[in-house]
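This is query_31.txt (compact mmCIF, C-alpha atoms and all ligand atoms).
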```txt
# COMPACT_ATOMS: atom_id res chain seq x y z
CA MET Y 1 41.47 177.95 58.75
CA ASN Y 2 39.73 178.22 62.06
CA ARG Y 3 36.59 176.26 62.77
CA ARG Y 4 34.31 179.27 62.45
CA ARG Y 5 35.72 180.33 59.06
CA PHE Y 6 35.51 176.75 57.86
CA PHE Y 7 31.81 176.57 58.63
CA GLN Y 8 31.19 180.05 57.19
CA GLY Y 9 32.68 178.89 53.90
CA PHE Y 10 30.65 175.76 53.91
CA SER Y 11 27.75 175.97 51.44
CA ALA Y 12 24.25 175.47 52.73
CA SER Y 13 23.68 172.54 50.38
CA ALA Y 14 26.90 170.78 51.45
CA ALA Y 15 25.91 171.24 55.08
CA GLY Y 16 22.49 169.89 54.25
CA ALA Y 17 23.99 166.86 52.52
CA LEU Y 18 26.24 166.19 55.50
CA ALA Y 19 23.35 166.49 57.92
CA ALA Y 20 21.28 164.15 55.76
CA ALA Y 21 24.13 161.63 55.62
CA ALA Y 22 24.53 161.72 59.41
CA PHE Y 23 20.77 161.32 59.68
CA GLN Y 24 20.85 158.22 57.50
CA THR Y 25 23.90 156.59 59.07
CA ASP Y 26 21.99 156.97 62.28
CA ALA Y 27 19.15 154.96 60.75
CA LEU Y 28 19.08 152.09 63.18
CA ALA Y 29 19.17 154.40 66.17
CA ARG Y 30 16.30 156.37 64.66
CA ALA Y 31 14.27 153.22 64.08
CA GLN Y 32 15.00 152.13 67.63
CA SER Y 33 14.16 155.49 69.14
CA ALA Y 34 10.97 155.67 67.05
CA ALA Y 35 10.04 152.26 68.46
CA SER Y 36 10.91 153.19 72.03
CA ALA Y 37 8.64 156.25 71.76
CA VAL Y 38 5.57 154.08 71.22
CA PRO Y 39 5.81 151.19 73.69
CA GLY Y 40 2.50 149.83 74.78
CA ARG Y 41 0.63 151.48 71.92
CA ALA Y 42 -1.37 149.14 69.74
CA ALA Y 43 0.27 148.35 66.39
CA ASP Y 44 -2.79 149.61 64.48
CA THR Y 45 -2.49 152.98 66.26
CA VAL Y 46 1.23 153.24 65.47
CA ALA Y 47 0.34 152.36 61.84
CA ARG Y 48 -1.25 155.83 61.58
CA ASP Y 49 1.44 157.75 63.49
CA GLU Y 50 3.28 159.75 60.80
CA ASP Y 51 5.96 160.93 63.28
CA PHE Y 52 6.93 157.30 63.84
CA TRP Y 53 7.06 156.52 60.11
CA MET Y 54 8.96 159.72 59.32
CA ASN Y 55 11.87 158.33 61.34
CA ILE Y 56 11.72 155.05 59.45
CA ARG Y 57 11.49 156.88 56.12
CA HIS Y 58 14.70 158.78 56.78
CA ALA Y 59 16.62 155.53 57.04
CA PHE Y 60 16.34 155.14 53.23
CA THR Y 61 18.02 156.87 50.29
CA VAL Y 62 15.38 156.03 47.68
CA ASP Y 63 14.56 158.17 44.63
CA ARG Y 64 11.72 160.41 45.80
CA ASN Y 65 11.10 161.69 42.30
CA MET Y 66 9.37 158.47 41.48
CA VAL Y 67 6.60 156.75 43.42
CA ASN Y 68 7.79 153.17 43.85
CA LEU Y 69 4.78 150.93 44.33
CA ASN Y 70 6.57 147.80 43.17
CA ASN Y 71 8.43 146.85 46.32
CA GLY Y 72 7.12 143.33 45.88
CA GLY Y 73 9.63 142.72 43.09
CA VAL Y 74 12.63 143.62 45.21
CA SER Y 75 13.04 146.20 47.99
CA PRO Y 76 15.68 148.83 48.64
CA ALA Y 77 17.80 148.21 51.73
CA PRO Y 78 18.03 150.94 54.38
CA LYS Y 79 21.22 153.00 54.23
CA ILE Y 80 22.66 151.29 57.28
CA VAL Y 81 22.33 147.88 55.59
CA MET Y 82 23.97 149.16 52.38
CA ASP Y 83 26.78 150.76 54.40
CA THR Y 84 27.35 147.50 56.24
CA GLU Y 85 27.48 145.60 52.96
CA VAL Y 86 29.96 148.09 51.48
CA ARG Y 87 32.14 147.91 54.61
CA TYR Y 88 32.30 144.13 54.34
CA LEU Y 89 32.97 144.43 50.61
CA GLU Y 90 35.97 146.65 51.35
CA VAL Y 91 37.22 144.29 54.03
CA GLU Y 92 36.93 141.21 51.83
CA ASN Y 93 38.83 142.95 49.05
CA LEU Y 94 41.78 143.74 51.33
CA SER Y 95 42.91 140.21 50.56
CA PRO Y 96 39.93 137.97 49.80
CA SER Y 97 41.54 134.58 50.38
CA TYR Y 98 42.33 135.71 53.92
CA TYR Y 99 39.77 138.39 54.83
CA MET Y 100 36.77 136.80 53.14
CA TRP Y 101 37.43 133.18 53.97
CA SER Y 102 39.03 133.56 57.39
CA VAL Y 103 37.61 136.78 58.82
CA LEU Y 104 34.16 137.29 57.30
CA ASP Y 105 32.95 133.80 56.44
CA PRO Y 106 32.64 132.64 60.06
CA GLY Y 107 30.10 135.49 60.48
CA ILE Y 108 27.62 133.41 58.50
CA GLU Y 109 26.95 131.44 61.68
CA THR Y 110 25.66 134.59 63.37
CA VAL Y 111 23.42 135.22 60.36
CA ARG Y 112 22.15 131.65 60.60
CA ARG Y 113 21.42 132.03 64.32
CA ARG Y 114 19.60 135.33 63.82
CA LEU Y 115 17.49 134.00 60.94
CA ALA Y 116 16.65 130.93 63.01
CA ARG Y 117 15.54 133.10 65.91
CA THR Y 118 13.31 135.17 63.63
CA PHE Y 119 11.78 132.08 62.03
CA GLY Y 120 11.62 130.24 65.36
CA CYS Y 121 13.71 127.16 64.55
CA ASP Y 122 17.08 125.53 65.20
CA PRO Y 123 20.00 127.26 63.40
CA GLU Y 124 20.94 123.80 62.09
CA GLU Y 125 17.77 123.99 59.96
CA ILE Y 126 18.67 127.24 58.14
CA ALA Y 127 20.66 127.53 54.90
CA ILE Y 128 21.56 130.96 53.55
CA THR Y 129 20.94 131.17 49.83
CA ARG Y 130 21.13 133.85 47.14
CA ASN Y 131 17.37 134.23 46.74
CA ALA Y 132 14.07 132.38 47.17
CA SER Y 133 14.43 130.65 43.81
CA GLU Y 134 17.65 128.95 44.88
CA GLY Y 135 16.18 127.81 48.21
CA LEU Y 136 13.01 126.46 46.64
CA GLU Y 137 14.79 124.79 43.71
CA ILE Y 138 17.10 122.99 46.15
CA VAL Y 139 14.02 121.23 47.49
CA GLN Y 140 12.14 120.93 44.18
CA LEU Y 141 15.08 119.40 42.35
CA GLY Y 142 16.64 117.64 45.34
CA MET Y 143 13.63 115.55 46.27
CA GLU Y 144 13.54 111.94 45.01
CA LEU Y 145 10.47 111.46 42.80
CA GLN Y 146 9.51 108.62 40.48
CA ARG Y 147 8.03 108.72 36.99
CA GLY Y 148 4.27 109.30 37.31
CA ASP Y 149 4.48 110.93 40.77
CA GLU Y 150 2.17 113.92 41.00
CA VAL Y 151 2.92 117.42 42.24
CA LEU Y 152 0.02 119.72 43.09
CA THR Y 153 0.36 123.49 42.90
CA THR Y 154 -1.71 126.41 41.58
CA ASN Y 155 -1.57 128.44 38.40
CA GLN Y 156 -0.94 131.50 40.62
CA ASP Y 157 2.33 130.17 42.04
CA TYR Y 158 5.57 131.84 41.03
CA PRO Y 159 6.42 131.21 37.35
CA ARG Y 160 10.03 130.15 38.01
CA MET Y 161 8.92 127.57 40.53
CA ILE Y 162 6.38 126.23 38.01
CA THR Y 163 9.12 126.16 35.35
CA THR Y 164 11.22 124.08 37.74
CA TRP Y 165 8.48 121.47 38.11
CA GLN Y 166 7.90 121.52 34.34
CA GLN Y 167 11.57 120.76 33.79
CA ARG Y 168 11.19 117.75 36.10
CA GLU Y 169 8.19 116.69 34.04
CA ARG Y 170 10.39 116.66 30.92
CA ARG Y 171 13.39 115.13 32.62
CA ASP Y 172 11.90 112.69 35.15
CA GLY Y 173 8.38 112.09 33.90
CA ILE Y 174 6.63 113.49 36.98
CA VAL Y 175 3.15 115.03 36.54
CA LEU Y 176 2.41 118.62 37.52
CA LYS Y 177 -1.17 119.65 38.25
CA GLN Y 178 -1.95 123.35 38.53
CA LEU Y 179 -5.16 124.13 40.39
CA LYS Y 180 -7.19 127.29 39.82
CA PHE Y 181 -8.92 129.39 42.46
CA PRO Y 182 -10.94 132.63 42.32
CA VAL Y 183 -9.48 135.87 43.74
CA PRO Y 184 -10.25 136.61 46.43
CA PRO Y 185 -11.27 133.05 47.34
CA PRO Y 186 -14.53 132.54 49.26
CA SER Y 187 -12.58 131.41 52.35
CA MET Y 188 -9.24 130.01 53.46
CA GLU Y 189 -10.96 126.68 54.01
CA SER Y 190 -11.88 126.60 50.30
CA LEU Y 191 -8.15 126.61 49.51
CA VAL Y 192 -7.57 123.61 51.75
CA LYS Y 193 -10.50 121.80 50.14
CA MET Y 194 -9.18 122.58 46.67
CA PHE Y 195 -6.01 120.62 47.47
CA GLU Y 196 -7.82 117.91 49.37
CA ASP Y 197 -10.10 117.23 46.40
CA ALA Y 198 -7.14 117.03 44.00
CA ILE Y 199 -5.14 114.43 45.98
CA THR Y 200 -4.77 111.03 44.30
CA PRO Y 201 -2.74 107.95 45.34
CA ARG Y 202 0.09 109.32 43.09
CA THR Y 203 0.29 112.72 44.81
CA LYS Y 204 3.71 113.10 46.44
CA VAL Y 205 4.16 116.87 46.76
CA ILE Y 206 2.02 119.95 47.38
CA HIS Y 207 3.76 123.22 46.48
CA ILE Y 208 2.13 126.42 47.77
CA CYS Y 209 2.81 130.09 48.24
CA HIS Y 210 2.48 131.34 51.80
CA MET Y 211 1.43 134.57 50.05
CA THR Y 212 1.01 134.80 46.30
CA ASN Y 213 2.96 137.36 44.32
CA ARG Y 214 -0.19 138.33 42.41
CA THR Y 215 -3.09 139.42 44.60
CA GLY Y 216 -1.14 138.79 47.81
CA GLN Y 217 -3.48 135.99 48.88
CA ILE Y 218 -2.26 134.38 52.12
CA PHE Y 219 -2.67 130.59 52.19
CA PRO Y 220 -3.67 128.48 55.21
CA VAL Y 221 -0.21 126.90 55.36
CA ARG Y 222 -0.66 125.04 58.61
CA ARG Y 223 -3.90 123.39 57.47
CA ILE Y 224 -2.34 122.36 54.16
CA CYS Y 225 0.75 120.97 55.92
CA GLU Y 226 -1.56 118.95 58.20
CA LEU Y 227 -3.40 117.70 55.14
CA GLY Y 228 -0.10 116.71 53.52
CA ARG Y 229 1.12 114.88 56.63
CA ALA Y 230 -2.15 112.98 56.90
CA HIS Y 231 -1.62 111.67 53.34
CA GLY Y 232 2.17 111.18 53.45
CA ILE Y 233 2.61 114.10 51.02
CA GLU Y 234 5.54 116.55 51.21
CA VAL Y 235 4.52 120.23 51.37
CA ILE Y 236 6.92 122.89 50.05
CA VAL Y 237 6.14 126.44 51.11
CA ASP Y 238 7.20 129.43 49.01
CA GLY Y 239 7.50 132.21 51.54
CA ALA Y 240 9.15 134.79 49.27
CA HIS Y 241 6.51 137.38 50.12
CA ALA Y 242 5.49 136.40 53.61
CA PHE Y 243 8.70 136.39 55.64
CA ALA Y 244 8.97 139.72 57.53
CA GLN Y 245 5.92 141.17 55.78
CA PHE Y 246 3.71 139.97 58.62
CA PRO Y 247 4.54 138.17 61.87
CA PHE Y 248 4.57 134.37 62.16
CA GLN Y 249 6.96 131.61 63.12
CA GLN Y 250 7.64 128.06 62.05
CA ALA Y 251 5.43 126.74 64.88
CA ASP Y 252 2.46 128.62 63.36
CA LEU Y 253 2.99 126.80 60.07
CA GLU Y 254 4.43 123.43 61.08
CA CYS Y 255 5.98 123.18 57.64
CA ASP Y 256 8.96 121.02 56.66
CA TYR Y 257 10.38 123.17 53.84
CA TYR Y 258 10.22 126.97 53.61
CA GLY Y 259 12.13 129.08 51.07
CA THR Y 260 12.15 132.87 51.04
CA SER Y 261 13.90 135.92 49.66
CA LEU Y 262 15.51 138.27 52.14
CA HIS Y 263 15.75 141.14 49.63
CA LYS Y 264 12.01 141.68 49.71
CA TRP Y 265 10.42 142.31 53.12
CA VAL Y 266 13.46 141.79 55.38
CA LEU Y 267 15.13 144.67 53.45
CA ALA Y 268 18.41 142.73 53.35
CA PRO Y 269 21.02 143.16 50.57
CA ILE Y 270 19.91 142.27 47.06
CA GLY Y 271 20.97 138.68 46.38
CA THR Y 272 20.05 137.08 49.71
CA GLY Y 273 17.60 134.33 50.61
CA MET Y 274 16.93 131.63 53.18
CA LEU Y 275 15.88 128.00 53.15
CA TYR Y 276 14.42 126.22 56.16
CA VAL Y 277 14.47 122.41 56.10
CA LYS Y 278 13.19 120.47 59.08
CA ARG Y 279 16.12 118.64 60.65
CA SER Y 280 14.78 115.15 60.03
CA LYS Y 281 14.33 115.94 56.31
CA ILE Y 282 17.76 117.39 55.51
CA GLU Y 283 19.41 114.08 54.79
CA LYS Y 284 17.05 113.03 52.03
CA ILE Y 285 17.24 116.24 49.97
CA TRP Y 286 20.07 116.30 47.41
CA PRO Y 287 21.86 119.69 47.26
CA LEU Y 288 21.66 121.63 43.99
CA MET Y 289 25.46 121.72 43.81
CA ALA Y 290 27.32 118.64 44.98
CA ALA Y 291 28.50 118.17 48.55
CA PRO Y 292 30.53 115.32 50.11
CA PRO Y 293 28.69 112.47 51.88
CA GLU Y 294 29.97 113.59 55.32
CA MET Y 295 27.69 116.60 54.86
CA ASN Y 296 24.55 114.57 54.11
CA ALA Y 297 22.75 115.57 57.29
CA ASN Y 298 24.32 119.02 57.51
CA ILE Y 299 22.20 122.01 56.40
CA ARG Y 300 25.42 123.67 55.15
CA LYS Y 301 25.54 121.20 52.26
CA PHE Y 302 23.05 123.53 50.53
CA GLU Y 303 25.60 126.35 50.69
CA GLU Y 304 28.33 124.46 48.78
CA ILE Y 305 28.12 126.79 45.79
CA GLY Y 306 31.75 127.78 45.28
CA THR Y 307 33.22 131.23 45.80
CA HIS Y 308 30.61 133.89 46.52
CA PRO Y 309 30.67 137.23 48.37
CA ALA Y 310 30.46 137.36 52.16
CA SER Y 311 29.52 141.05 52.07
CA GLN Y 312 25.90 140.54 51.06
CA ARG Y 313 24.98 137.75 53.38
CA ASN Y 314 26.94 139.07 56.37
CA ALA Y 315 24.90 142.29 56.21
CA ILE Y 316 21.66 140.31 56.70
CA THR Y 317 22.10 140.62 60.49
CA GLU Y 318 21.88 144.41 60.25
CA ALA Y 319 18.70 144.12 58.17
CA LEU Y 320 17.19 141.88 60.85
CA ASN Y 321 18.12 144.48 63.48
CA PHE Y 322 16.31 147.11 61.44
CA HIS Y 323 13.27 144.88 60.96
CA GLU Y 324 13.08 144.13 64.68
CA SER Y 325 13.54 147.78 65.61
CA ILE Y 326 10.36 148.64 63.74
CA GLY Y 327 8.55 145.54 64.97
CA ALA Y 328 6.91 142.89 62.76
CA GLU Y 329 3.41 143.64 64.03
CA ARG Y 330 3.76 147.39 63.43
CA LYS Y 331 5.08 146.78 59.94
CA ALA Y 332 2.15 144.54 59.06
CA GLU Y 333 -0.40 147.01 60.42
CA ARG Y 334 1.23 149.88 58.53
CA PHE Y 335 1.09 147.84 55.32
CA ARG Y 336 -2.61 147.08 55.80
CA TYR Y 337 -3.27 150.74 56.53
CA LEU Y 338 -1.48 151.88 53.35
CA ARG Y 339 -3.25 149.28 51.23
CA LYS Y 340 -6.65 150.32 52.51
CA ARG Y 341 -5.83 154.00 52.10
CA TRP Y 342 -5.46 153.73 48.31
CA SER Y 343 -8.01 150.98 47.72
CA ASN Y 344 -10.75 152.80 49.69
CA GLN Y 345 -10.35 155.76 47.31
CA LEU Y 346 -10.91 153.54 44.28
CA ARG Y 347 -13.20 150.67 45.20
CA ASP Y 348 -16.53 152.41 44.53
CA LEU Y 349 -15.59 153.82 41.14
CA ALA Y 350 -17.23 152.31 38.05
CA GLY Y 351 -15.54 149.14 36.84
CA VAL Y 352 -13.09 148.85 39.74
CA LYS Y 353 -12.47 145.47 41.32
CA ILE Y 354 -10.17 145.11 44.29
CA LEU Y 355 -9.03 141.52 43.98
CA ASN Y 356 -7.02 141.14 47.17
CA SER Y 357 -8.87 139.79 50.19
CA GLU Y 358 -9.93 142.34 52.82
CA ASP Y 359 -9.59 139.79 55.62
CA PRO Y 360 -6.45 140.64 57.66
CA GLU Y 361 -5.76 136.90 57.98
CA GLN Y 362 -5.56 136.67 54.20
CA SER Y 363 -3.87 139.93 53.15
CA CYS Y 364 -1.23 142.49 54.12
CA ALA Y 365 0.86 144.89 52.00
CA ILE Y 366 0.04 143.56 48.54
CA GLY Y 367 -3.04 145.03 46.92
CA PHE Y 368 -4.48 144.38 43.49
CA VAL Y 369 -6.75 146.60 41.42
CA SER Y 370 -8.45 145.69 38.18
CA VAL Y 371 -10.50 148.12 36.08
CA ASP Y 372 -13.03 146.72 33.62
CA GLY Y 373 -12.12 147.63 30.05
CA TYR Y 374 -8.65 148.94 30.98
CA ASP Y 375 -5.63 147.04 29.72
CA ALA Y 376 -3.32 146.55 32.72
CA GLY Y 377 -0.11 146.89 30.67
CA LYS Y 378 -1.25 150.18 29.12
CA LEU Y 379 -2.33 151.50 32.51
CA GLN Y 380 1.06 150.62 33.97
CA ASP Y 381 2.79 152.44 31.07
CA TYR Y 382 0.59 155.50 31.48
CA LEU Y 383 1.23 155.77 35.22
CA TRP Y 384 4.97 155.53 34.68
CA THR Y 385 5.46 157.72 31.61
CA LYS Y 386 3.06 160.50 32.61
CA HIS Y 387 3.29 160.43 36.41
CA ARG Y 388 6.45 158.49 37.38
CA ILE Y 389 4.36 156.05 39.38
CA TRP Y 390 6.00 152.63 39.24
CA THR Y 391 3.63 149.66 39.43
CA VAL Y 392 3.46 146.23 37.84
CA ALA Y 393 0.77 144.86 35.52
CA ILE Y 394 -0.14 141.23 36.15
CA VAL Y 395 -2.18 139.04 33.84
CA THR Y 396 -3.36 135.61 35.00
CA GLY Y 397 -4.45 133.75 31.87
CA ASN Y 398 -8.03 134.59 30.96
CA GLU Y 399 -8.95 134.88 34.64
CA TYR Y 400 -8.02 138.41 35.65
CA GLN Y 401 -5.60 141.25 34.98
CA GLY Y 402 -4.70 144.46 36.77
CA LEU Y 403 -2.06 146.30 38.76
CA ARG Y 404 -0.26 144.90 41.77
CA ILE Y 405 0.51 147.63 44.28
CA THR Y 406 3.20 147.13 46.92
CA PRO Y 407 4.28 150.04 49.13
CA ASN Y 408 6.93 149.69 51.82
CA VAL Y 409 7.82 151.08 55.24
CA TYR Y 410 9.34 154.19 53.64
CA THR Y 411 6.28 155.00 51.48
CA THR Y 412 4.63 158.34 52.30
CA LEU Y 413 0.90 159.04 52.47
CA GLU Y 414 1.46 161.67 49.79
CA GLU Y 415 2.77 158.96 47.45
CA ILE Y 416 -0.18 156.69 48.19
CA ASP Y 417 -2.64 159.53 47.64
CA THR Y 418 -0.93 160.60 44.42
CA PHE Y 419 -1.40 157.11 43.03
CA ALA Y 420 -5.05 156.99 44.15
CA GLU Y 421 -5.82 160.46 42.74
CA VAL Y 422 -4.25 159.76 39.35
CA MET Y 423 -6.06 156.42 39.11
CA ALA Y 424 -9.40 157.97 40.14
CA LYS Y 425 -9.03 160.64 37.47
CA VAL Y 426 -8.21 158.10 34.76
CA ILE Y 427 -11.09 155.85 35.76
CA ARG Y 428 -13.58 158.73 35.88
CA SER Y 429 -12.48 159.90 32.44
CA GLY Y 430 -13.54 156.51 31.02
CA SER Y 431 -10.26 155.65 29.25
CA ILE Y 432 -6.48 155.83 29.52
CA PRO Y 433 -5.38 159.24 28.14
CA ALA Y 434 -3.26 159.03 24.99
C1 LIG P 501 6.05 134.00 45.27
C2 LIG P 501 7.47 134.12 44.81
N1 LIG P 501 8.26 133.06 44.86
C3 LIG P 501 9.55 133.10 44.48
C4 LIG P 501 10.09 134.27 44.01
C5 LIG P 501 11.52 134.27 43.58
O1 LIG P 501 12.23 135.11 44.44
P1 LIG P 501 13.77 135.46 44.13
O2 LIG P 501 13.74 136.45 43.04
O3 LIG P 501 14.26 135.98 45.45
O4 LIG P 501 14.42 134.22 43.75
C6 LIG P 501 9.30 135.42 43.94
C7 LIG P 501 9.87 136.67 43.43
O5 LIG P 501 9.21 137.66 43.22
C8 LIG P 501 7.96 135.35 44.36
O6 LIG P 501 7.17 136.41 44.31
```
Can the structure in the file be given as structure tokens, please?
Ligand SMILES: Cc1ncc(COP(=O)(O)O)c(C=O)c1O
Amino acid sequence: MNRRRFFQGFSASAAGALAAAAFQTDALARAQSAASAVPGRAADTVARDEDFWMNIRHAFTVDRNMVNLNNGGVSPAPKIVMDTEVRYLEVENLSPSYYMWSVLDPGIETVRRRLARTFGCDPEEIAITRNASEGLEIVQLGMELQRGDEVLTTNQDYPRMITTWQQRERRDGIVLKQLKFPVPPPSMESLVKMFEDAITPRTKVIHICHMTNRTGQIFPVRRICELGRAHGIEVIVDGAHAFAQFPFQQADLECDYYGTSLHKWVLAPIGTGMLYVKRSKIEKIWPLMAAPPEMNANIRKFEEIGTHPASQRNAITEALNFHESIGAERKAERFRYLRKRWSNQLRDLAGVKILNSEDPEQSCAIGFVSVDGYDAGKLQDYLWTKHRIWTVAIVTGNEYQGLRITPNVYTTLEEIDTFAEVMAKVIRSGSIPA
């Protein structure tokens, strides 16, 4: 068959699929060329440039017949990251004991170096984990604490991290104190004061979210780390939502311990995370799974978890390339723009409370809407079953309840507006339709 006949026989849809595939494989180049088309333009201007974001959008293969506004739970990886992961998966399965251990595993040092550059630290301070929980639990469970020692955190910290401290209460007799704060808080300084006022001579640890997974409140991490240092208290920072959602580096925080997921805002393969431990602190943290004494001061002792796939973690580098091609500042500004776009359509309606802060220092992608008299769980169900809009209902004790809304770099304005329009209609009608 000659070339012409071949293409004549080719169906339009197959050609379309091929073109789309080529388009997606080209994702990194598209992200890079989108970025190179806007040099020198302020990030908040690029945030509104739909031509720029169209290129980013095409790097993903997400289901467009649902509106995914729960990217905070876990995010899809761009096609190029998935392809990289699959390629490594195929390589490691050629003969795992050779290809995984000898060929792919050394690549973890490149991943470590790239993560360290993004976070602004020494690669010898970065451990690659399977998620934020693993990184944080290494520190929570690996820190020497005595019976009666106190740990301060909030009741809006991540449930699994609270469960971890509660297990130490049962096992080791430590005391966990969970502080409460209003959302949004009156100021960032009020959050510092809340911890300062709760410190006692028994306080040994402060555990905070850089950004909460509820209303997306950003904490004054640097101020709280300074407070901790002044009192000889260790500060553990849960950065699951902050890393790569908005720009910052270790020097901005001056923290000693920072655990994060990479499958949220870095858009890395599902099942990847990172733990930063300041070099001088590595030696005194016990690893979650045992390591030999020669590794005591080696950050790699936290990676002694037995056989695990190289394919996921080796593809992290490609996700970092993608993240950097967009630009951290542009991403953050886009997120703030999307959040304001839906919340501005709802905030003046009867009963609506927007519970995330409006201060750019204290908020980014995560938005939170509560409607008086509307049960958050039922609202979430209604949006999904009637409109295929995927959100998450969050209830914080008797304090507040509502929907957490998290778009991503691939989210379209049409999707944001669809959510806002459906919500506005439901709110105006006075109840959730049956
Ligand atoms: C604030 C916070 N910390 C920790 C975690 C745990 O992250 P992972 O599922 O990556 O372990 C999450 C997950 O949503 C989170 O939101």
Which residue out of Y:Leu355, Y:Ala420, Y:Ala43, Y:Val277 has the minimum interatomic distance to Y:His387 when all atoms listed in the file are used? Y:Ala420
Give me the residues of stretch 323-414 of chain Y that have any atom at most 12 Å from an atom of stretch 216-220 of chain Y; for each, the nearest atom pair and the distance in Å, rounded to one decimal. Use all atoms listed in the file, sort by chain and number, and format it as JSON lines.
```
{"residue": "Y:Phe335", "atom": "CA", "partner": "Y:Gly216", "partner_atom": "CA", "distance": 12.0}
{"residue": "Y:Arg336", "atom": "CA", "partner": "Y:Gly216", "partner_atom": "CA", "distance": 11.6}
{"residue": "Y:Arg339", "atom": "CA", "partner": "Y:Gly216", "partner_atom": "CA", "distance": 11.2}
{"residue": "Y:Ile354", "atom": "CA", "partner": "Y:Gly216", "partner_atom": "CA", "distance": 11.6}
{"residue": "Y:Leu355", "atom": "CA", "partner": "Y:Gly216", "partner_atom": "CA", "distance": 9.2}
{"residue": "Y:Asn356", "atom": "CA", "partner": "Y:Gly216", "partner_atom": "CA", "distance": 6.4}
{"residue": "Y:Ser357", "atom": "CA", "partner": "Y:Gln217", "partner_atom": "CA", "distance": 6.7}
{"residue": "Y:Glu358", "atom": "CA", "partner": "Y:Gln217", "partner_atom": "CA", "distance": 9.9}
{"residue": "Y:Asp359", "atom": "CA", "partner": "Y:Ile218", "partner_atom": "CA", "distance": 9.8}
{"residue": "Y:Pro360", "atom": "CA", "partner": "Y:Ile218", "partner_atom": "CA", "distance": 9.4}
{"residue": "Y:Glu361", "atom": "CA", "partner": "Y:Ile218", "partner_atom": "CA", "distance": 7.3}
{"residue": "Y:Gln362", "atom": "CA", "partner": "Y:Ile218", "partner_atom": "CA", "distance": 4.5}
{"residue": "Y:Ser363", "atom": "CA", "partner": "Y:Gln217", "partner_atom": "CA", "distance": 5.8}
{"residue": "Y:Cys364", "atom": "CA", "partner": "Y:Gly216", "partner_atom": "CA", "distance": 7.3}
{"residue": "Y:Ala365", "atom": "CA", "partner": "Y:Gly216", "partner_atom": "CA", "distance": 7.7}
{"residue": "Y:Ile366", "atom": "CA", "partner": "Y:Gly216", "partner_atom": "CA", "distance": 5.0}
{"residue": "Y:Gly367", "atom": "CA", "partner": "Y:Gly216", "partner_atom": "CA", "distance": 6.6}
{"residue": "Y:Phe368", "atom": "CA", "partner": "Y:Gly216", "partner_atom": "CA", "distance": 7.8}
{"residue": "Y:Val369", "atom": "CA", "partner": "Y:Gly216", "partner_atom": "CA", "distance": 11.5}
{"residue": "Y:Ile394", "atom": "CA", "partner": "Y:Gly216", "partner_atom": "CA", "distance": 12.0}
{"residue": "Y:Leu403", "atom": "CA", "partner": "Y:Gly216", "partner_atom": "CA", "distance": 11.8}
{"residue": "Y:Arg404", "atom": "CA", "partner": "Y:Gly216", "partner_atom": "CA", "distance": 8.6}
{"residue": "Y:Ile405", "atom": "CA", "partner": "Y:Gly216", "partner_atom": "CA", "distance": 9.7}
{"residue": "Y:Thr406", "atom": "CA", "partner": "Y:Gly216", "partner_atom": "CA", "distance": 9.4}
```
Suppose we keep C-alpha atoms; can you now write the selection as a short mmCIF file (atom, residue, chain, number, x, y, z; two decimals), in the frame of the given file?
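Listing of part29.cif after writing:
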```cif
data_model
loop_
_atom_site.label_atom_id
_atom_site.label_comp_id
_atom_site.auth_asym_id
_atom_site.auth_seq_id
_atom_site.Cartn_x
_atom_site.Cartn_y
_atom_site.Cartn_z
CA PHE Y 335 1.09 147.84 55.32
CA ARG Y 336 -2.61 147.08 55.80
CA ARG Y 339 -3.25 149.28 51.23
CA ILE Y 354 -10.17 145.11 44.29
CA LEU Y 355 -9.03 141.52 43.98
CA ASN Y 356 -7.02 141.14 47.17
CA SER Y 357 -8.87 139.79 50.19
CA GLU Y 358 -9.93 142.34 52.82
CA ASP Y 359 -9.59 139.79 55.62
CA PRO Y 360 -6.45 140.64 57.66
CA GLU Y 361 -5.76 136.90 57.98
CA GLN Y 362 -5.56 136.67 54.20
CA SER Y 363 -3.87 139.93 53.15
CA CYS Y 364 -1.23 142.49 54.12
CA ALA Y 365 0.86 144.89 52.00
CA ILE Y 366 0.04 143.56 48.54
CA GLY Y 367 -3.04 145.03 46.92
CA PHE Y 368 -4.48 144.38 43.49
CA VAL Y 369 -6.75 146.60 41.42
CA ILE Y 394 -0.14 141.23 36.15
CA LEU Y 403 -2.06 146.30 38.76
CA ARG Y 404 -0.26 144.90 41.77
CA ILE Y 405 0.51 147.63 44.28
CA THR Y 406 3.20 147.13 46.92
#
```
Nearby residues, ligand LIG 501 (chain P), 6 Å, only C-alpha atoms and all ligand atoms, as a ChimeraX atom specification: /Y:73,131-133,158,209,212-213,238,240-241,261
Contacts of Y:Ala59 at 8 Å or less, counting only C-alpha atoms, minus same-chain residues fewer than 2 places along, as a PyMOL selection string? chain Y and resi 23-28+30-31+55-57+61+78-80
Let me see the file: selected residues, C-alpha atoms, as a short mmCIF file (atom, residue, chain, number, x, y, z; two decimals), in the frame of the given file.
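Output file out.cif is given in full below:
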```cif
data_model
loop_
_atom_site.label_atom_id
_atom_site.label_comp_id
_atom_site.auth_asym_id
_atom_site.auth_seq_id
_atom_site.Cartn_x
_atom_site.Cartn_y
_atom_site.Cartn_z
CA PHE Y 23 20.77 161.32 59.68
CA GLN Y 24 20.85 158.22 57.50
CA THR Y 25 23.90 156.59 59.07
CA ASP Y 26 21.99 156.97 62.28
CA ALA Y 27 19.15 154.96 60.75
CA LEU Y 28 19.08 152.09 63.18
CA ARG Y 30 16.30 156.37 64.66
CA ALA Y 31 14.27 153.22 64.08
CA ASN Y 55 11.87 158.33 61.34
CA ILE Y 56 11.72 155.05 59.45
CA ARG Y 57 11.49 156.88 56.12
CA THR Y 61 18.02 156.87 50.29
CA PRO Y 78 18.03 150.94 54.38
CA LYS Y 79 21.22 153.00 54.23
CA ILE Y 80 22.66 151.29 57.28
#
```
